[in-house]
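Reading through the structure tokens given below for one structure.
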Amino acid sequence: LDLSVSWLGMKMSSPLFNASGVYCRTREELELVRRSAAGAVVTKSCTLEPRAGNPEPRYRRTALGSINSMGLPNEGYRYYLDYAQAYEDAKPLFLSVSGMTLDDTLTILAELAALKLPCLPEVNLSCPNLPGKPQLGYDFAASAEALEAISRAYARPFGVKLPPYFDPAHFAAMAAVLNAFPLLRFVTCINSVGNGLVIDLDSESAVIKPKGGLGGLGGDYVLPTALANVREFAVLLADKQVIGCGGVKSGAEAFMHILAGATAVQVGTCLHEEGVSAFDRIEAELAAIMQAKGYQRLDEFRGRLKTL
Ligand SMILES: O=C(O)c1[nH]c(=O)[nH]c(=O)c1I
């Protein structure tokens, strides 16, 4: 069985890697993922300056997944550029960028471009947890402006992290925006489902502190939405890769994401709860499913979802 993925000049020995935000804020966490069975590594979204993020509690596991309103805590972009400069592993490294303003994002990307490193940026258009800041990906005109400025200023291949969309008109509108930018080589679908509210019955309280308890949902809650976004963009985007993210906790969901069209698959909530051994387990489960179905390689079923 061959579970490797080759794309954009990179080779991944496994189709699995971490979702930005999970196991990737510090060097220590990044090294755990790099030394794990993951096929790649992505850093925590970064800003110009270090950020402490939102007040705690800001992450909670629930029976059906997770809710988080971290508030973009990170060590500042130079920390991650330093990590990238010292990075020598053949395992691909992606840098997630989420400047507080478009200018900040362009500043970070310009410095990344100047370093001529092999790592690709995943520009975050979808953080749902900055009080007062709407998710850029839900504003099609603003997204187009940002992609235009990034294409001009960064002028190298890049990707974006998209929020979930819930309406065919929005899939079409965002695909039209994305298709206008040839340097945009991949999209990661999806970020957390924004601004859910988890309530604890006993305490009669929200379970996280920021934003009156509103936070991004991950895990089982989001799998069907994630799969829909992967399939829709895999069909609507011309000559771009779609990275799946959302609800992956076993080989079954990884298989579904690839069947829906995902080139590779990120793991968030499950990785946060289980640790990096999740990559070994999920990969083994995916291999077992492929074995049972008679598939030798991922491209034998990638994007082959049937409809009724
Ligand atoms: O609150 C966060 O730090 C966060 N949380 C998410 O669920 N997605 C994001 O893109 C971010 I930047």
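How things are named: the first chain in the structure tokens is A, the next is B, and so on; residues count from 1 in each chain; ligands count from 1 in the order shown.
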*Could you write out, as a PyMOL selection string, all the residues of region 9-166 of chain A that DSSP marks as strand (DSSP E or B)?*
chain A and resi 10-12+16-18+40-42+46+51+59-62+65-68+74+93-97+120-124+158-162
With a cut-off of 7 Å, could you pull out the residues of chain A touching ligand 1 and give me the nearest pair of atoms for each, distance in Å to one decimal, using only C-alpha atoms and all ligand atoms, ordered by chain and ascending number, as a Markdown table?
```
| residue | atom | partner | partner_atom_place_in_ligand_line | distance |
| --- | --- | --- | --- | --- |
| A:Gly21 | CA | ligand 1 | 3 (O) | 6.5 |
| A:Ser45 | CA | ligand 1 | 12 (I) | 5.6 |
| A:Asn68 | CA | ligand 1 | 7 (O) | 5.9 |
| A:Ser69 | CA | ligand 1 | 1 (O) | 4.4 |
| A:Met70 | CA | ligand 1 | 1 (O) | 3.5 |
| A:Gly71 | CA | ligand 1 | 1 (O) | 3.8 |
| A:Leu72 | CA | ligand 1 | 3 (O) | 3.2 |
| A:Pro73 | CA | ligand 1 | 3 (O) | 5.8 |
| A:Ser98 | CA | ligand 1 | 12 (I) | 6.7 |
| A:Asn124 | CA | ligand 1 | 10 (O) | 6.2 |
| A:Ser126 | CA | ligand 1 | 10 (O) | 5.4 |
| A:Cys127 | CA | ligand 1 | 10 (O) | 3.5 |
| A:Pro128 | CA | ligand 1 | 8 (N) | 6.0 |
| A:Asn129 | CA | ligand 1 | 1 (O) | 4.7 |
| A:Leu130 | CA | ligand 1 | 1 (O) | 7.0 |
| A:Asn191 | CA | ligand 1 | 8 (N) | 5.7 |
| A:Ser192 | CA | ligand 1 | 7 (O) | 4.7 |
| A:Gly216 | CA | ligand 1 | 7 (O) | 4.9 |
```
Taking only C-alpha atoms into account, produce a table as a Markdown table in which each residue of region 51-149 of chain A with an atom at most 12 Å from an atom of region 227-248 of chain A appears once, together with its shortest atom pair and the distance in Å to one decimal, ordered by chain and rising number.
```
| residue | atom | partner | partner_atom | distance |
| --- | --- | --- | --- | --- |
| A:Leu64 | CA | A:Gly247 | CA | 9.6 |
| A:Gly65 | CA | A:Gly247 | CA | 7.9 |
| A:Ser66 | CA | A:Gly247 | CA | 10.1 |
| A:Glu122 | CA | A:Ile243 | CA | 10.7 |
```
_Shell around Thr107 (chain A) at 10 Å using only C-alpha atoms, local window under 5 positions removed, as a PyMOL selection string_ = chain A and resi 47-48+77+99+101-102+112-113+150+153-154
Write a file of the selected residues as a CSV table (one decimal), in the first residue's frame, keeping N, CA and C atoms.
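Written out: part-v2.csv:
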```csv
chain,number,residue,atom,x,y,z
A,47,THR,N,0.9,36.5,13.9
A,47,THR,CA,0.7,38.0,13.7
A,47,THR,C,2.1,38.6,13.8
A,48,LEU,N,2.1,40.0,13.6
A,48,LEU,CA,3.4,40.7,13.6
A,48,LEU,C,4.0,40.5,15.0
A,77,TYR,N,5.4,36.4,14.4
A,77,TYR,CA,5.8,35.8,13.1
A,77,TYR,C,7.3,35.5,13.1
A,99,GLY,N,-2.3,38.0,9.8
A,99,GLY,CA,-2.0,39.3,10.3
A,99,GLY,C,-3.3,40.0,10.8
A,101,THR,N,-4.1,42.9,10.3
A,101,THR,CA,-4.6,43.7,9.2
A,101,THR,C,-3.9,43.1,7.9
A,102,LEU,N,-4.5,43.5,6.7
A,102,LEU,CA,-3.9,43.0,5.5
A,102,LEU,C,-2.4,43.5,5.4
A,112,LEU,N,8.9,36.5,4.4
A,112,LEU,CA,8.9,35.0,4.1
A,112,LEU,C,9.5,34.9,2.7
A,113,ALA,N,9.0,35.7,1.7
A,113,ALA,CA,9.5,35.6,0.3
A,113,ALA,C,11.0,35.9,0.3
A,150,ILE,N,-1.9,40.1,-2.0
A,150,ILE,CA,-1.0,39.0,-1.7
A,150,ILE,C,-0.3,38.5,-2.9
A,153,ALA,N,2.2,41.2,-3.8
A,153,ALA,CA,3.3,41.5,-2.9
A,153,ALA,C,4.1,40.2,-2.6
A,154,TYR,N,3.5,39.1,-2.5
A,154,TYR,CA,4.2,37.8,-2.2
A,154,TYR,C,4.7,37.2,-3.5
```
Env of Thr43 (chain A): 7 Å cut, atoms = only C-alpha atoms, seq-sep filter 5 positions within chain, self excluded. Answer as a PDB file with all heavy atoms, in the first residue's frame.
```
ATOM      1  N   SER A  20      -3.713  23.816  11.522  1.00  0.00           N
ATOM      2  CA  SER A  20      -3.089  24.980  12.148  1.00  0.00           C
ATOM      3  C   SER A  20      -3.830  25.303  13.451  1.00  0.00           C
ATOM      4  O   SER A  20      -5.056  25.236  13.514  1.00  0.00           O
ATOM      5  CB  SER A  20      -3.164  26.193  11.218  1.00  0.00           C
ATOM      6  OG  SER A  20      -2.600  27.333  11.857  1.00  0.00           O
ATOM      7  N   CYS A  24       1.143  23.294  17.496  1.00  0.00           N
ATOM      8  CA  CYS A  24       2.019  24.035  16.568  1.00  0.00           C
ATOM      9  C   CYS A  24       2.317  25.465  16.989  1.00  0.00           C
ATOM     10  O   CYS A  24       2.814  26.246  16.191  1.00  0.00           O
ATOM     11  CB  CYS A  24       1.411  24.024  15.172  1.00  0.00           C
ATOM     12  SG  CYS A  24      -0.241  24.733  15.106  1.00  0.00           S
ATOM     13  N   ARG A  25       2.045  25.780  18.272  1.00  0.00           N
ATOM     14  CA  ARG A  25       2.284  27.159  18.688  1.00  0.00           C
ATOM     15  C   ARG A  25       3.750  27.341  19.114  1.00  0.00           C
ATOM     16  O   ARG A  25       4.345  28.388  18.853  1.00  0.00           O
ATOM     17  CB  ARG A  25       1.350  27.527  19.850  1.00  0.00           C
ATOM     18  CG  ARG A  25       1.633  28.892  20.398  1.00  0.00           C
ATOM     19  CD  ARG A  25       0.645  29.316  21.448  1.00  0.00           C
ATOM     20  NE  ARG A  25       1.155  30.464  22.188  1.00  0.00           N
ATOM     21  CZ  ARG A  25       0.573  30.947  23.267  1.00  0.00           C
ATOM     22  NH1 ARG A  25      -0.543  30.401  23.736  1.00  0.00           N
ATOM     23  NH2 ARG A  25       1.084  31.977  23.894  1.00  0.00           N
ATOM     24  N   PHE A  94       4.444  24.129   6.427  1.00  0.00           N
ATOM     25  CA  PHE A  94       3.573  25.224   5.991  1.00  0.00           C
ATOM     26  C   PHE A  94       3.550  26.280   7.087  1.00  0.00           C
ATOM     27  O   PHE A  94       3.525  25.950   8.278  1.00  0.00           O
ATOM     28  CB  PHE A  94       2.142  24.719   5.753  1.00  0.00           C
ATOM     29  CG  PHE A  94       2.031  23.712   4.649  1.00  0.00           C
ATOM     30  CD1 PHE A  94       2.229  22.351   4.901  1.00  0.00           C
ATOM     31  CD2 PHE A  94       1.754  24.103   3.353  1.00  0.00           C
ATOM     32  CE1 PHE A  94       2.139  21.413   3.882  1.00  0.00           C
ATOM     33  CE2 PHE A  94       1.651  23.171   2.322  1.00  0.00           C
ATOM     34  CZ  PHE A  94       1.847  21.823   2.592  1.00  0.00           C
ATOM     35  N   LEU A  95       3.506  27.530   6.676  1.00  0.00           N
ATOM     36  CA  LEU A  95       3.462  28.628   7.633  1.00  0.00           C
ATOM     37  C   LEU A  95       2.078  29.271   7.582  1.00  0.00           C
ATOM     38  O   LEU A  95       1.685  29.823   6.548  1.00  0.00           O
ATOM     39  CB  LEU A  95       4.522  29.682   7.275  1.00  0.00           C
ATOM     40  CG  LEU A  95       5.643  29.828   8.293  1.00  0.00           C
ATOM     41  CD1 LEU A  95       6.937  30.180   7.619  1.00  0.00           C
ATOM     42  CD2 LEU A  95       5.248  30.916   9.273  1.00  0.00           C
ATOM     43  N   SER A  96       1.325  29.196   8.674  1.00  0.00           N
ATOM     44  CA  SER A  96       0.014  29.840   8.695  1.00  0.00           C
ATOM     45  C   SER A  96       0.195  31.308   9.072  1.00  0.00           C
ATOM     46  O   SER A  96       0.880  31.629  10.052  1.00  0.00           O
ATOM     47  CB  SER A  96      -0.912  29.150   9.696  1.00  0.00           C
ATOM     48  OG  SER A  96      -2.166  29.827   9.749  1.00  0.00           O
TER      49      SER A  96
END
```
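Here the question is which of A:Ala264, A:Met174, A:Glu204, A:Ala86 gets nearest to Met12 (chain A) using only C-alpha atoms, and that residue is A:Ala264.
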Determine, for each residue of region 10-34 of chain A having at least one atom at most 8 Å from an atom of region 276-296 of chain A, the closest pair of atoms and their separation in Å to one decimal, counting only C-alpha atoms; order by chain and ascending number, as a tab-separated table.
```
residue	atom	partner	partner_atom	distance
A:Ser14	CA	A:Glu283	CA	7.3
A:Leu16	CA	A:Phe279	CA	6.7
A:Phe17	CA	A:Phe279	CA	7.5
A:Leu32	CA	A:Val276	CA	7.1
A:Val33	CA	A:Val276	CA	6.4
```
*What are the DSSP helix (DSSP H, G or I) residues of region 91-123 of chain A, as JSON, numbers by chain?*
{"A": [102, 103, 104, 105, 106, 107, 108, 109, 110, 111, 112, 113, 114, 115]}
Mind dumping the selected residues with all heavy atoms as an mmCIF file, in the first residue's frame?
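File part-v9.cif, as written:
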```cif
data_model
loop_
_atom_site.group_PDB
_atom_site.id
_atom_site.type_symbol
_atom_site.label_atom_id
_atom_site.label_comp_id
_atom_site.auth_asym_id
_atom_site.auth_seq_id
_atom_site.Cartn_x
_atom_site.Cartn_y
_atom_site.Cartn_z
ATOM 1 N N LEU A 102 -4.464 43.508 6.731
ATOM 2 C CA LEU A 102 -3.898 42.999 5.467
ATOM 3 C C LEU A 102 -2.447 43.450 5.358
ATOM 4 O O LEU A 102 -1.572 42.677 4.954
ATOM 5 C CB LEU A 102 -4.725 43.501 4.287
ATOM 6 C CG LEU A 102 -4.201 43.148 2.892
ATOM 7 C CD1 LEU A 102 -4.009 41.636 2.728
ATOM 8 C CD2 LEU A 102 -5.145 43.700 1.827
ATOM 9 N N ASP A 103 -2.160 44.687 5.769
ATOM 10 C CA ASP A 103 -0.769 45.173 5.711
ATOM 11 C C ASP A 103 0.153 44.294 6.541
ATOM 12 O O ASP A 103 1.265 43.970 6.120
ATOM 13 C CB ASP A 103 -0.699 46.625 6.217
ATOM 14 C CG ASP A 103 -0.952 47.618 5.086
ATOM 15 O OD1 ASP A 103 -1.107 47.152 3.938
ATOM 16 O OD2 ASP A 103 -0.998 48.824 5.352
ATOM 17 N N ASP A 104 -0.316 43.884 7.734
ATOM 18 C CA ASP A 104 0.507 43.000 8.569
ATOM 19 C C ASP A 104 0.778 41.689 7.837
ATOM 20 O O ASP A 104 1.903 41.185 7.817
ATOM 21 C CB ASP A 104 -0.204 42.705 9.898
ATOM 22 C CG ASP A 104 -0.170 43.883 10.861
ATOM 23 O OD1 ASP A 104 0.361 44.949 10.480
ATOM 24 O OD2 ASP A 104 -0.674 43.741 11.987
ATOM 25 N N THR A 105 -0.267 41.149 7.225
ATOM 26 C CA THR A 105 -0.100 39.887 6.482
ATOM 27 C C THR A 105 0.895 40.067 5.352
ATOM 28 O O THR A 105 1.781 39.224 5.145
ATOM 29 C CB THR A 105 -1.466 39.415 5.944
ATOM 30 O OG1 THR A 105 -2.300 39.057 7.053
ATOM 31 C CG2 THR A 105 -1.322 38.226 5.004
ATOM 32 N N LEU A 106 0.825 41.196 4.650
ATOM 33 C CA LEU A 106 1.745 41.446 3.537
ATOM 34 C C LEU A 106 3.179 41.614 4.032
ATOM 35 O O LEU A 106 4.129 41.139 3.407
ATOM 36 C CB LEU A 106 1.298 42.690 2.757
ATOM 37 C CG LEU A 106 -0.059 42.587 2.060
ATOM 38 C CD1 LEU A 106 -0.430 43.916 1.422
ATOM 39 C CD2 LEU A 106 -0.058 41.467 1.042
ATOM 40 N N THR A 107 3.335 42.247 5.190
ATOM 41 C CA THR A 107 4.666 42.405 5.787
ATOM 42 C C THR A 107 5.277 41.042 6.092
ATOM 43 O O THR A 107 6.425 40.761 5.745
ATOM 44 C CB THR A 107 4.575 43.247 7.073
ATOM 45 O OG1 THR A 107 4.067 44.534 6.746
ATOM 46 C CG2 THR A 107 5.931 43.366 7.760
ATOM 47 N N ILE A 108 4.484 40.182 6.716
ATOM 48 C CA ILE A 108 4.962 38.842 7.071
ATOM 49 C C ILE A 108 5.319 38.062 5.812
ATOM 50 O O ILE A 108 6.393 37.455 5.709
ATOM 51 C CB ILE A 108 3.900 38.089 7.902
ATOM 52 C CG1 ILE A 108 3.666 38.790 9.245
ATOM 53 C CG2 ILE A 108 4.277 36.635 8.090
ATOM 54 C CD1 ILE A 108 2.444 38.316 10.005
ATOM 55 N N LEU A 109 4.444 38.129 4.812
ATOM 56 C CA LEU A 109 4.674 37.369 3.571
ATOM 57 C C LEU A 109 5.888 37.898 2.812
ATOM 58 O O LEU A 109 6.653 37.128 2.229
ATOM 59 C CB LEU A 109 3.428 37.395 2.690
ATOM 60 C CG LEU A 109 2.237 36.583 3.203
ATOM 61 C CD1 LEU A 109 1.019 36.805 2.316
ATOM 62 C CD2 LEU A 109 2.583 35.102 3.273
ATOM 63 N N ALA A 110 6.095 39.209 2.853
ATOM 64 C CA ALA A 110 7.258 39.788 2.157
ATOM 65 C C ALA A 110 8.547 39.270 2.786
ATOM 66 O O ALA A 110 9.502 38.893 2.086
ATOM 67 C CB ALA A 110 7.199 41.307 2.222
ATOM 68 N N GLU A 111 8.577 39.185 4.114
ATOM 69 C CA GLU A 111 9.790 38.672 4.780
ATOM 70 C C GLU A 111 9.966 37.189 4.498
ATOM 71 O O GLU A 111 11.081 36.711 4.305
ATOM 72 C CB GLU A 111 9.715 38.935 6.292
ATOM 73 C CG GLU A 111 9.901 40.397 6.618
ATOM 74 C CD GLU A 111 10.426 40.605 8.041
ATOM 75 O OE1 GLU A 111 11.143 39.730 8.564
ATOM 76 O OE2 GLU A 111 10.099 41.656 8.612
ATOM 77 N N LEU A 112 8.852 36.478 4.429
ATOM 78 C CA LEU A 112 8.935 35.046 4.085
ATOM 79 C C LEU A 112 9.489 34.893 2.678
ATOM 80 O O LEU A 112 10.391 34.078 2.438
ATOM 81 C CB LEU A 112 7.547 34.397 4.202
ATOM 82 C CG LEU A 112 7.448 32.932 3.794
ATOM 83 C CD1 LEU A 112 8.347 32.051 4.669
ATOM 84 C CD2 LEU A 112 6.018 32.422 3.863
ATOM 85 N N ALA A 113 8.992 35.707 1.745
ATOM 86 C CA ALA A 113 9.456 35.616 0.349
ATOM 87 C C ALA A 113 10.955 35.889 0.270
ATOM 88 O O ALA A 113 11.691 35.197 -0.434
ATOM 89 C CB ALA A 113 8.684 36.600 -0.521
ATOM 90 N N ALA A 114 11.404 36.869 1.046
ATOM 91 C CA ALA A 114 12.816 37.273 0.987
ATOM 92 C C ALA A 114 13.743 36.146 1.440
ATOM 93 O O ALA A 114 14.885 36.041 1.005
ATOM 94 C CB ALA A 114 13.031 38.511 1.840
ATOM 95 N N LEU A 115 13.207 35.277 2.320
ATOM 96 C CA LEU A 115 14.048 34.177 2.845
ATOM 97 C C LEU A 115 14.173 33.034 1.854
ATOM 98 O O LEU A 115 14.986 32.131 2.024
ATOM 99 C CB LEU A 115 13.454 33.654 4.162
ATOM 100 C CG LEU A 115 13.439 34.634 5.336
ATOM 101 C CD1 LEU A 115 12.708 34.023 6.526
ATOM 102 C CD2 LEU A 115 14.868 35.011 5.712
#
```
*Which of these, A:Ala206, A:Ile190, A:Leu197, A:Ala169, has the shortest distance to Val265 (chain A) once you count only C-alpha atoms?*
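Among the listed residues, the smallest separation from Val265 (chain A) belongs to A:Ile190.
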_When you count only C-alpha atoms, which of these residues is closest to Gln266 (chain A): A:Ser250, A:Lys211, A:Ala84, A:Glu56?_
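Of the candidates, the smallest distance to Gln266 (chain A) is held by A:Ser250.
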